[in-house]
$ cat run-v7.cif   # mmCIF, C-alpha atoms
data_run
#
loop_
_atom_site.label_atom_id
_atom_site.label_comp_id
_atom_site.auth_asym_id
_atom_site.auth_seq_id
_atom_site.Cartn_x
_atom_site.Cartn_y
_atom_site.Cartn_z
CA MET A 8 9.61 -0.58 6.62
CA ASN A 9 12.21 -1.71 9.16
CA TYR A 10 14.86 0.52 10.72
CA THR A 11 18.40 0.15 11.93
CA VAL A 12 19.25 1.97 15.14
CA ASP A 13 22.70 2.98 16.37
CA GLY A 14 23.72 0.29 18.89
CA THR A 15 26.54 2.40 20.33
CA GLN A 16 23.89 4.55 22.04
CA PRO A 17 22.76 3.91 25.62
CA LEU A 18 19.46 2.13 26.16
CA THR A 19 17.50 5.30 27.01
CA ASP A 20 18.49 6.94 23.72
CA GLN A 21 17.56 3.79 21.79
CA GLU A 22 14.23 3.75 23.61
CA ASN A 23 13.61 7.34 22.50
CA THR A 24 14.45 6.51 18.89
CA LEU A 25 12.20 3.44 18.86
CA ASN A 26 9.33 5.40 20.39
CA GLY A 27 9.86 8.17 17.85
CA LEU A 28 9.76 5.63 15.02
CA GLU A 29 6.64 3.98 16.40
CA MET A 30 4.78 7.25 16.81
CA ALA A 31 5.84 8.78 13.47
CA ASN A 32 5.13 5.60 11.50
CA PHE A 33 1.96 4.62 13.39
CA SER A 34 3.58 1.27 13.97
CA GLN A 35 4.98 -0.99 16.67
CA VAL A 36 8.35 -2.71 17.09
CA THR A 37 7.82 -6.47 17.04
CA LYS A 38 11.46 -7.60 17.04
CA TYR A 39 14.71 -5.89 18.02
CA GLU A 40 18.02 -7.65 17.46
CA LYS A 41 21.63 -6.85 16.65
CA GLN A 42 22.72 -7.09 13.07
CA ALA A 43 25.22 -9.74 12.00
CA THR A 44 27.85 -7.12 11.18
CA GLY A 45 28.58 -3.69 12.66
CA THR A 46 27.03 -2.28 15.83
CA ASP A 47 23.54 -1.42 14.59
CA ASN A 48 20.34 -3.06 15.81
CA LEU A 49 17.48 -3.94 13.49
CA ALA A 50 13.94 -2.95 14.53
CA THR A 51 11.25 -4.93 12.75
CA MET A 52 8.02 -2.92 12.58
CA ALA A 53 4.34 -3.72 12.07
CA ASP A 54 1.39 -1.34 11.67
CA ALA A 55 -0.33 -0.09 14.83
CA PRO A 56 -3.34 2.18 15.26
CA PRO A 57 -2.89 5.86 16.27
CA GLY A 58 -2.64 6.36 20.02
CA TYR A 59 -0.75 3.12 20.58
CA PRO A 60 0.92 2.87 24.03
CA PRO A 61 4.65 3.68 24.27
CA LEU A 62 7.49 1.18 24.37
CA TYR A 63 9.79 0.68 27.36
CA LEU A 64 13.16 -1.05 27.05
CA ALA A 65 15.12 -2.94 29.68
CA SER A 66 18.33 -4.92 29.36
CA VAL A 67 20.28 -7.57 31.23
CA GLU A 68 23.58 -9.28 30.53
CA VAL A 69 23.34 -12.03 27.92
CA GLY A 70 22.50 -15.30 29.69
CA ALA A 71 21.43 -13.57 32.92
CA ASN A 72 18.06 -14.23 34.51
CA SER A 73 15.50 -11.70 33.28
CA SER A 74 12.57 -12.82 35.43
CA GLN A 75 13.07 -10.02 37.99
CA THR A 76 12.97 -7.38 35.24
CA ILE A 77 9.85 -8.93 33.73
CA GLN A 78 8.22 -9.01 37.16
CA GLN A 79 9.04 -5.34 37.80
CA GLN A 80 7.53 -4.33 34.47
CA SER A 81 4.50 -6.50 35.13
CA THR A 82 3.97 -4.69 38.43
CA ALA A 83 3.94 -1.44 36.42
CA GLY A 84 1.23 -2.96 34.22
CA ARG A 85 3.47 -3.66 31.23
CA GLY A 86 3.80 -6.95 29.39
CA LEU A 87 6.78 -8.35 27.47
CA VAL A 88 6.39 -7.76 23.72
CA PHE A 89 9.80 -8.92 22.47
CA THR A 90 13.18 -10.06 23.69
CA GLY A 91 16.43 -10.43 21.76
CA THR A 92 20.16 -9.84 21.77
CA ALA A 93 20.97 -6.26 20.77
CA TYR A 94 23.81 -3.79 21.20
CA VAL A 95 23.57 -1.32 24.07
CA SER A 96 26.41 1.21 24.31
CA GLY A 97 28.24 -1.02 21.83
CA ALA A 98 28.00 -4.24 23.90
CA ALA A 99 25.66 -7.18 23.26
CA LYS A 100 22.88 -7.43 25.86
CA THR A 101 19.56 -9.17 26.19
CA VAL A 102 17.11 -6.38 25.42
CA MET A 103 13.43 -6.65 26.31
CA GLY A 104 10.57 -4.47 25.14
CA PHE A 105 7.51 -3.83 27.30
CA ARG A 106 4.29 -1.93 26.90
CA LYS A 107 0.88 -1.59 28.44
CA LYS A 108 -1.90 -3.41 26.67
CA PRO A 109 -3.62 -1.07 24.18
CA MET B 19 24.01 -33.79 10.34
CA GLU B 20 26.65 -34.18 13.04
CA ALA B 21 25.32 -31.13 14.88
CA ASN B 22 21.79 -32.48 14.55
CA ARG B 23 22.82 -35.81 16.09
CA ASP B 24 24.79 -34.10 18.85
CA ARG B 25 21.73 -32.04 19.76
CA VAL B 26 19.56 -35.16 20.09
CA LYS B 27 22.33 -37.00 21.97
CA THR B 28 22.63 -34.13 24.46
CA GLY B 29 18.90 -34.37 25.10
CA ILE B 30 19.15 -38.13 25.73
CA LEU B 31 22.10 -37.77 28.10
CA GLN B 32 20.28 -35.09 30.07
CA GLN B 33 17.18 -37.29 30.35
CA LEU B 34 19.28 -40.25 31.59
CA LYS B 35 19.74 -38.42 34.89
CA LEU B 36 15.99 -38.78 35.49
CA ASP B 37 14.43 -41.80 37.23
CA ILE B 38 12.52 -44.53 35.41
CA THR B 39 9.12 -42.90 35.95
CA ALA B 40 10.21 -39.55 34.49
CA TYR B 41 12.12 -41.12 31.58
CA PRO B 42 10.64 -44.58 30.91
CA PHE B 43 11.93 -47.10 28.40
CA PRO B 44 9.43 -46.21 25.61
CA ALA B 45 10.57 -42.57 25.78
CA ALA B 46 14.23 -43.66 25.63
CA ARG B 47 13.51 -45.93 22.66
CA ALA B 48 11.71 -43.09 20.85
CA ASP B 49 14.70 -40.81 21.47
CA LEU B 50 17.11 -43.45 20.13
CA ILE B 51 15.04 -43.74 16.95
CA HIS B 52 15.07 -39.96 16.70
CA TYR B 53 18.87 -40.07 17.21
CA PHE B 54 19.24 -42.54 14.35
CA PHE B 55 17.15 -40.50 11.91
CA ALA B 56 18.86 -37.28 12.93
CA GLY B 57 21.98 -38.66 11.25
CA THR B 58 20.36 -39.48 7.93
CA LEU B 59 20.84 -37.47 4.78
CA ASN B 60 17.15 -36.50 4.69
CA ALA B 61 17.26 -35.05 8.20
CA GLY B 62 20.47 -33.19 7.35
CA LEU B 63 18.91 -31.66 4.25
CA GLN B 64 15.79 -30.70 6.20
CA GLN B 65 17.89 -28.98 8.87
CA LEU B 66 19.92 -27.20 6.19
CA THR B 67 16.74 -25.97 4.49
CA GLN B 68 15.31 -24.65 7.76
CA THR B 69 18.54 -22.82 8.63
CA ALA B 70 18.81 -21.33 5.14
CA ALA B 71 15.17 -20.17 5.27
CA ALA B 72 15.72 -18.46 8.64
CA ASN B 73 18.88 -16.77 7.35
CA ALA B 74 17.09 -15.64 4.19
CA GLN B 75 14.29 -14.11 6.28
CA ASP B 76 16.83 -12.18 8.39
CA GLN B 77 18.61 -10.96 5.25
CA LYS B 78 15.31 -9.83 3.73
CA ALA B 79 14.44 -7.85 6.88
CA THR B 80 17.87 -6.21 6.80
CA LEU B 81 17.58 -5.32 3.11
CA ASN B 82 14.14 -3.80 3.70
CA SER B 83 15.51 -1.41 6.31
CA VAL B 84 16.83 2.12 6.49
CA LYS B 85 18.97 3.84 9.09
CA ALA B 86 16.82 5.83 11.51
CA ALA B 87 17.85 9.34 12.48
CA ASN B 88 17.95 9.48 16.29
CA PHE B 89 14.93 10.91 18.11
CA SER B 90 15.56 13.03 21.21
CA ALA B 91 13.24 12.92 24.24
CA ALA B 92 11.73 16.25 23.09
CA ASP B 93 11.16 14.79 19.60
CA VAL B 94 9.35 11.83 21.15
CA ASN B 95 7.11 14.13 23.16
CA CYS B 96 6.16 16.06 20.03
CA VAL B 97 5.71 13.10 17.71
CA THR B 98 3.57 11.43 20.39
CA GLY B 99 1.47 14.59 20.46
CA VAL B 100 1.02 14.45 16.68
CA ASN B 101 0.13 10.75 16.87
CA GLN B 102 -2.49 11.44 19.57
CA ALA B 103 -3.86 14.40 17.63
CA VAL B 104 -4.27 12.17 14.57
CA ALA B 105 -6.08 9.59 16.72
CA LYS B 106 -8.38 12.33 18.03
CA ALA B 107 -9.11 13.72 14.54
CA LEU B 108 -9.77 10.25 13.12
CA ALA B 109 -12.15 9.48 15.99
CA ALA B 110 -14.02 12.69 15.14
CA ASN B 111 -13.75 11.85 11.41
CA ASP B 112 -12.12 15.25 10.91
CA LEU B 113 -10.33 14.25 7.71
CA GLY B 114 -10.12 17.82 6.39
CA THR B 115 -7.71 18.92 9.12
CA LEU B 116 -5.58 15.83 8.62
CA THR B 117 -5.54 16.29 4.85
CA ASN B 118 -4.49 19.95 5.22
CA PHE B 119 -1.68 18.93 7.54
CA LEU B 120 -0.46 16.28 5.10
CA GLN B 121 -0.61 18.62 2.11
CA ALA B 122 1.25 21.36 4.00
CA LEU B 123 4.09 18.89 4.48
CA GLY B 124 4.22 17.95 0.81
CA SER B 125 2.13 14.78 0.81
CA THR B 126 -0.04 14.10 -2.20
CA ILE B 127 -3.37 12.73 -1.06
CA LYS B 128 -6.38 12.18 -3.27
CA ALA B 129 -9.57 14.21 -2.92
CA ASN B 130 -12.19 12.92 -0.50
CA PRO B 131 -9.89 10.39 1.14
CA THR B 132 -11.08 7.64 3.46
CA GLN B 133 -9.66 7.21 6.97
CA ALA B 134 -7.50 4.37 5.62
CA ASP B 135 -6.11 6.66 2.88
CA VAL B 136 -5.25 9.32 5.45
CA LEU B 137 -3.52 6.83 7.73
CA THR B 138 -1.55 5.41 4.80
CA GLU B 139 -0.33 8.92 3.94
CA PHE B 140 0.58 9.62 7.56
CA ARG B 141 2.64 6.41 7.61
CA ALA B 142 4.40 7.44 4.40
CA LEU B 143 5.12 10.88 5.87
CA GLY B 144 6.29 9.28 9.13
CA SER B 145 8.69 7.11 7.18
CA ARG B 146 10.30 10.23 5.68
CA VAL B 147 10.31 12.00 9.04
CA SER B 148 12.17 9.01 10.51
CA THR B 149 15.19 9.60 8.29
CA ASP B 150 14.96 13.26 7.24
CA THR B 151 15.72 15.57 10.17
CA ASP B 152 14.89 18.75 8.20
CA LEU B 153 11.39 17.47 7.44
CA ARG B 154 11.12 16.32 11.04
CA ALA B 155 11.74 19.87 12.24
CA LYS B 156 8.70 21.00 10.25
CA TYR B 157 6.60 18.03 11.34
CA LEU B 158 7.26 18.50 15.02
CA CYS B 159 6.51 21.42 17.30
CA GLY B 160 10.15 22.50 17.30
CA GLY B 161 9.94 23.94 13.78
CA PRO B 162 10.73 27.59 12.95
CA GLN B 163 8.21 30.10 14.31
CA GLY B 164 5.44 30.71 11.81
CA LYS B 165 6.45 27.80 9.60
CA THR B 166 5.74 24.90 11.86
CA HIS B 167 3.05 22.33 11.15
CA SER B 168 2.11 20.81 14.39
CA ILE B 169 -0.31 20.49 17.27
CA GLY B 170 -2.34 23.11 19.10
CA GLU B 171 -2.94 23.75 22.77
CA SER B 172 -5.82 21.31 22.96
CA GLY B 173 -4.09 18.64 20.95
CA GLU B 174 -5.51 19.49 17.53
CA LEU B 175 -3.42 19.51 14.36
CA TYR B 176 -2.52 22.73 12.60
CA SER B 177 -1.17 23.06 9.12
CA GLY B 178 -0.52 26.77 8.88
CA ARG B 179 1.16 29.63 10.68
CA TYR B 180 0.95 28.45 14.26
CA ALA B 181 3.49 28.11 16.99
CA ALA B 182 2.42 24.94 18.66
CA SER B 183 3.25 24.55 22.31
CA ASN B 184 1.62 21.27 23.20
CA ARG B 185 4.18 19.05 24.91
CA SER B 186 2.01 16.10 25.78
CA GLY B 187 4.93 14.05 27.08
CA LYS B 188 5.37 10.31 27.19
CA HIS B 189 2.16 8.93 28.52
CA SER B 190 2.33 6.39 31.30
#

$ encode --input "run-v7.cif" --output "structure tokens"
Amino acid sequence: MNYTVDGTQPLTDQENTLNGLEMANFSQVTKYEKQATGTDNLATMADAPPGYPPLYLASVEVGANSSQTIQQQSTAGRGLVFTGTAYVSGAAKTVMGFRKKP
Amino acid sequence: MEANRDRVKTGILQQLKLDITAYPFPAARADLIHYFFAGTLNAGLQQLTQTAAANAQDQKATLNSVKAANFSAADVNCVTGVNQAVAKALAANDLGTLTNFLQALGSTIKANPTQADVLTEFRALGSRVSTDTDLRAKYLCGGPQGKTHSIGESGELYSGRYAASNRSGKHS
């Protein structure tokens, strides 16, 4: 099952919703991108075992360099699991998902 | 086909800025051949097929989706606690507790289930919890006193008249 998430929400709220979906469904988000119409984002899910590590989101402007963000997350021990263009507070951004290795 | 040719042409023009060692004649000749075939009907049809397949995949993912009800930070803390409690019970092969929890929340699970059966039912319940906020209130520790089905002080699952207070929080 995949889920659409309200893209008018700020990134922190979307992160909460994605983590809630992952934990409730015992799954992981593998892709997160804006839908062709409207302001929702589509989260593509895959099964994950119970106790899977949480997801952290970060965003940069579309076309901006994301290497600094990736480096910061790497320092915190988290690797990039997906990147895509999604709506954050109603505007298109490059959104990246990070998590610690299970 | 035009877009296909333009893409190849752009690549050639970018490579032309390189010196002869980085972009030798055989590489340029191969690119020119590629440029020629990029304009053929076959290449155009192939490109069209690939684009249509990618679009169809996106449409299928969208059709197979439902709108999620937003999760608050407190919801995430609780649902993480339930997830961890399930992990703990599965590790201990305590399927009875998990089955009781599922049944208390209306899930139909067969007698003597395997771990895979239990996890499948938890995923089905989680799917409903993701869109049904009333059911979520019962699933999480924020449910009405005495009617909640949630996690205990030491992270175990309860399916009866307990007021769970475990707020495990987002683990780091």

$ closest_residue --input "run-v7.cif" --among "B:Tyr157, B:Phe55, B:Phe43, B:Phe89" --to "Gly144 in chain B" --atoms "only C-alpha atoms"
B:Tyr157

$ interface_residues --input "run-v7.cif" --of "chain A" --to "chain B" --cutoff "7 Å" --atoms "all atoms listed in the file" --output "PyMOL selection string"
chain A and resi 8-12+23-24+26-28+30-33+57-58

$ resolve_selection --input "run-v7.cif" --expression "the PyMOL selection byres ((chain A and resi 45) around 12)" --output "compact mmCIF listing (two decimals) with C-alpha atoms, keeping the file's coordinate frame"
# COMPACT_ATOMS: atom_id res chain seq x y z
CA THR A 11 18.40 0.15 11.93
CA VAL A 12 19.25 1.97 15.14
CA ASP A 13 22.70 2.98 16.37
CA GLY A 14 23.72 0.29 18.89
CA THR A 15 26.54 2.40 20.33
CA LYS A 41 21.63 -6.85 16.65
CA GLN A 42 22.72 -7.09 13.07
CA ALA A 43 25.22 -9.74 12.00
CA THR A 44 27.85 -7.12 11.18
CA THR A 46 27.03 -2.28 15.83
CA ASP A 47 23.54 -1.42 14.59
CA ASN A 48 20.34 -3.06 15.81
CA LEU A 49 17.48 -3.94 13.49
CA ALA A 93 20.97 -6.26 20.77
CA TYR A 94 23.81 -3.79 21.20
CA GLY A 97 28.24 -1.02 21.83
CA ALA A 98 28.00 -4.24 23.90
CA ALA A 99 25.66 -7.18 23.26

$ closest_residue --input "run-v7.cif" --among "A:Asp54, A:Gln16, A:Lys100, A:Leu25" --to "Ser73 in chain A" --atoms "all atoms listed in the file"
A:Lys100

$ closest_residue --input "run-v7.cif" --among "A:Leu18, A:Pro109, A:Gly91, A:Thr101" --to "Lys38 in chain A" --atoms "only C-alpha atoms"
A:Gly91

$ atom_distance --input "run-v7.cif" --atom1 "CA of Asn111 in chain B" --atom2 "CA of Ala134 in chain B"
11.3 Å

$ atom_distance --input "run-v7.cif" --atom1 "CA of Ala50 in chain A" --atom2 "CA of Ala155 in chain B"
23.0 Å

$ atom_distance --input "run-v7.cif" --atom1 "CA of Leu113 in chain B" --atom2 "CA of Asn130 in chain B"
8.5 Å

$ resolve_selection --input "run-v7.cif" --expression "the PyMOL selection byres ((chain A and resi 77-86) around 8)" --output "JSON, numbers by chain"
{"A": [73, 74, 75, 76, 87, 88, 105, 106, 107, 108]}

$ residues_around --input "run-v7.cif" --residues "Glu22 in chain A" --least-positions-apart "6" --cutoff "8 Å" --atoms "only C-alpha atoms" --output "ChimeraX atom specification"
/A:62-64

$ build_atoms --input "run-v7.cif" --residues "range 12-44 of chain A" --atoms "N, CA and C atoms" --output "compact mmCIF listing (two decimals), in the frame of the given file"
# COMPACT_ATOMS: atom_id res chain seq x y z
N VAL A 12 19.04 0.97 14.08
CA VAL A 12 19.25 1.97 15.14
C VAL A 12 20.69 1.83 15.63
N ASP A 13 21.30 2.94 15.92
CA ASP A 13 22.70 2.98 16.37
C ASP A 13 22.87 2.25 17.71
N GLY A 14 23.55 1.10 17.68
CA GLY A 14 23.72 0.29 18.89
C GLY A 14 24.83 0.79 19.81
N THR A 15 25.53 1.84 19.42
CA THR A 15 26.54 2.40 20.33
C THR A 15 25.88 3.34 21.34
N GLN A 16 24.60 3.65 21.12
CA GLN A 16 23.89 4.55 22.04
C GLN A 16 23.45 3.80 23.31
N PRO A 17 23.30 4.55 24.42
CA PRO A 17 22.76 3.91 25.62
C PRO A 17 21.30 3.51 25.42
N LEU A 18 20.81 2.69 26.32
CA LEU A 18 19.46 2.13 26.16
C LEU A 18 18.38 3.21 26.12
N THR A 19 18.52 4.23 26.95
CA THR A 19 17.50 5.30 27.01
C THR A 19 17.39 6.00 25.66
N ASP A 20 18.52 6.27 25.03
CA ASP A 20 18.49 6.94 23.72
C ASP A 20 17.86 6.03 22.66
N GLN A 21 18.17 4.73 22.74
CA GLN A 21 17.56 3.79 21.79
C GLN A 21 16.05 3.71 22.02
N GLU A 22 15.66 3.77 23.28
CA GLU A 22 14.23 3.75 23.61
C GLU A 22 13.54 4.97 23.00
N ASN A 23 14.18 6.12 23.10
CA ASN A 23 13.61 7.34 22.50
C ASN A 23 13.45 7.17 21.00
N THR A 24 14.50 6.66 20.35
CA THR A 24 14.45 6.51 18.89
C THR A 24 13.35 5.53 18.49
N LEU A 25 13.24 4.42 19.21
CA LEU A 25 12.20 3.44 18.86
C LEU A 25 10.80 4.02 19.08
N ASN A 26 10.64 4.78 20.16
CA ASN A 26 9.33 5.40 20.39
C ASN A 26 9.02 6.44 19.32
N GLY A 27 10.05 7.20 18.92
CA GLY A 27 9.86 8.17 17.85
C GLY A 27 9.44 7.49 16.55
N LEU A 28 10.11 6.38 16.24
CA LEU A 28 9.76 5.63 15.02
C LEU A 28 8.34 5.08 15.09
N GLU A 29 7.99 4.55 16.25
CA GLU A 29 6.64 3.98 16.40
C GLU A 29 5.57 5.06 16.22
N MET A 30 5.79 6.20 16.87
CA MET A 30 4.78 7.25 16.81
C MET A 30 4.69 7.87 15.42
N ALA A 31 5.83 8.14 14.79
CA ALA A 31 5.84 8.78 13.47
C ALA A 31 5.27 7.85 12.39
N ASN A 32 5.56 6.56 12.52
CA ASN A 32 5.13 5.60 11.50
C ASN A 32 3.79 4.94 11.81
N PHE A 33 3.20 5.27 12.95
CA PHE A 33 1.96 4.62 13.39
C PHE A 33 2.16 3.10 13.32
N SER A 34 3.20 2.68 14.02
CA SER A 34 3.58 1.27 13.97
C SER A 34 4.09 0.83 15.34
N GLN A 35 4.44 -0.44 15.43
CA GLN A 35 4.98 -0.99 16.67
C GLN A 35 6.20 -1.84 16.34
N VAL A 36 7.17 -1.84 17.26
CA VAL A 36 8.35 -2.71 17.09
C VAL A 36 7.96 -4.11 17.55
N THR A 37 8.17 -5.09 16.68
CA THR A 37 7.82 -6.47 17.04
C THR A 37 9.06 -7.32 17.31
N LYS A 38 10.22 -6.84 16.86
CA LYS A 38 11.46 -7.60 17.04
C LYS A 38 12.62 -6.60 17.07
N TYR A 39 13.58 -6.81 17.94
CA TYR A 39 14.71 -5.89 18.02
C TYR A 39 15.96 -6.72 18.30
N GLU A 40 16.84 -6.79 17.32
CA GLU A 40 18.02 -7.65 17.46
C GLU A 40 19.22 -7.02 16.78
N LYS A 41 20.41 -7.37 17.25
CA LYS A 41 21.63 -6.85 16.65
C LYS A 41 21.79 -7.41 15.25
N GLN A 42 22.44 -6.63 14.41
CA GLN A 42 22.72 -7.09 13.07
C GLN A 42 23.97 -7.97 13.08
N ALA A 43 24.11 -8.79 12.04
CA ALA A 43 25.22 -9.74 12.00
C ALA A 43 26.57 -9.03 11.93
N THR A 44 26.60 -7.87 11.27
CA THR A 44 27.85 -7.12 11.18
C THR A 44 27.62 -5.70 11.71
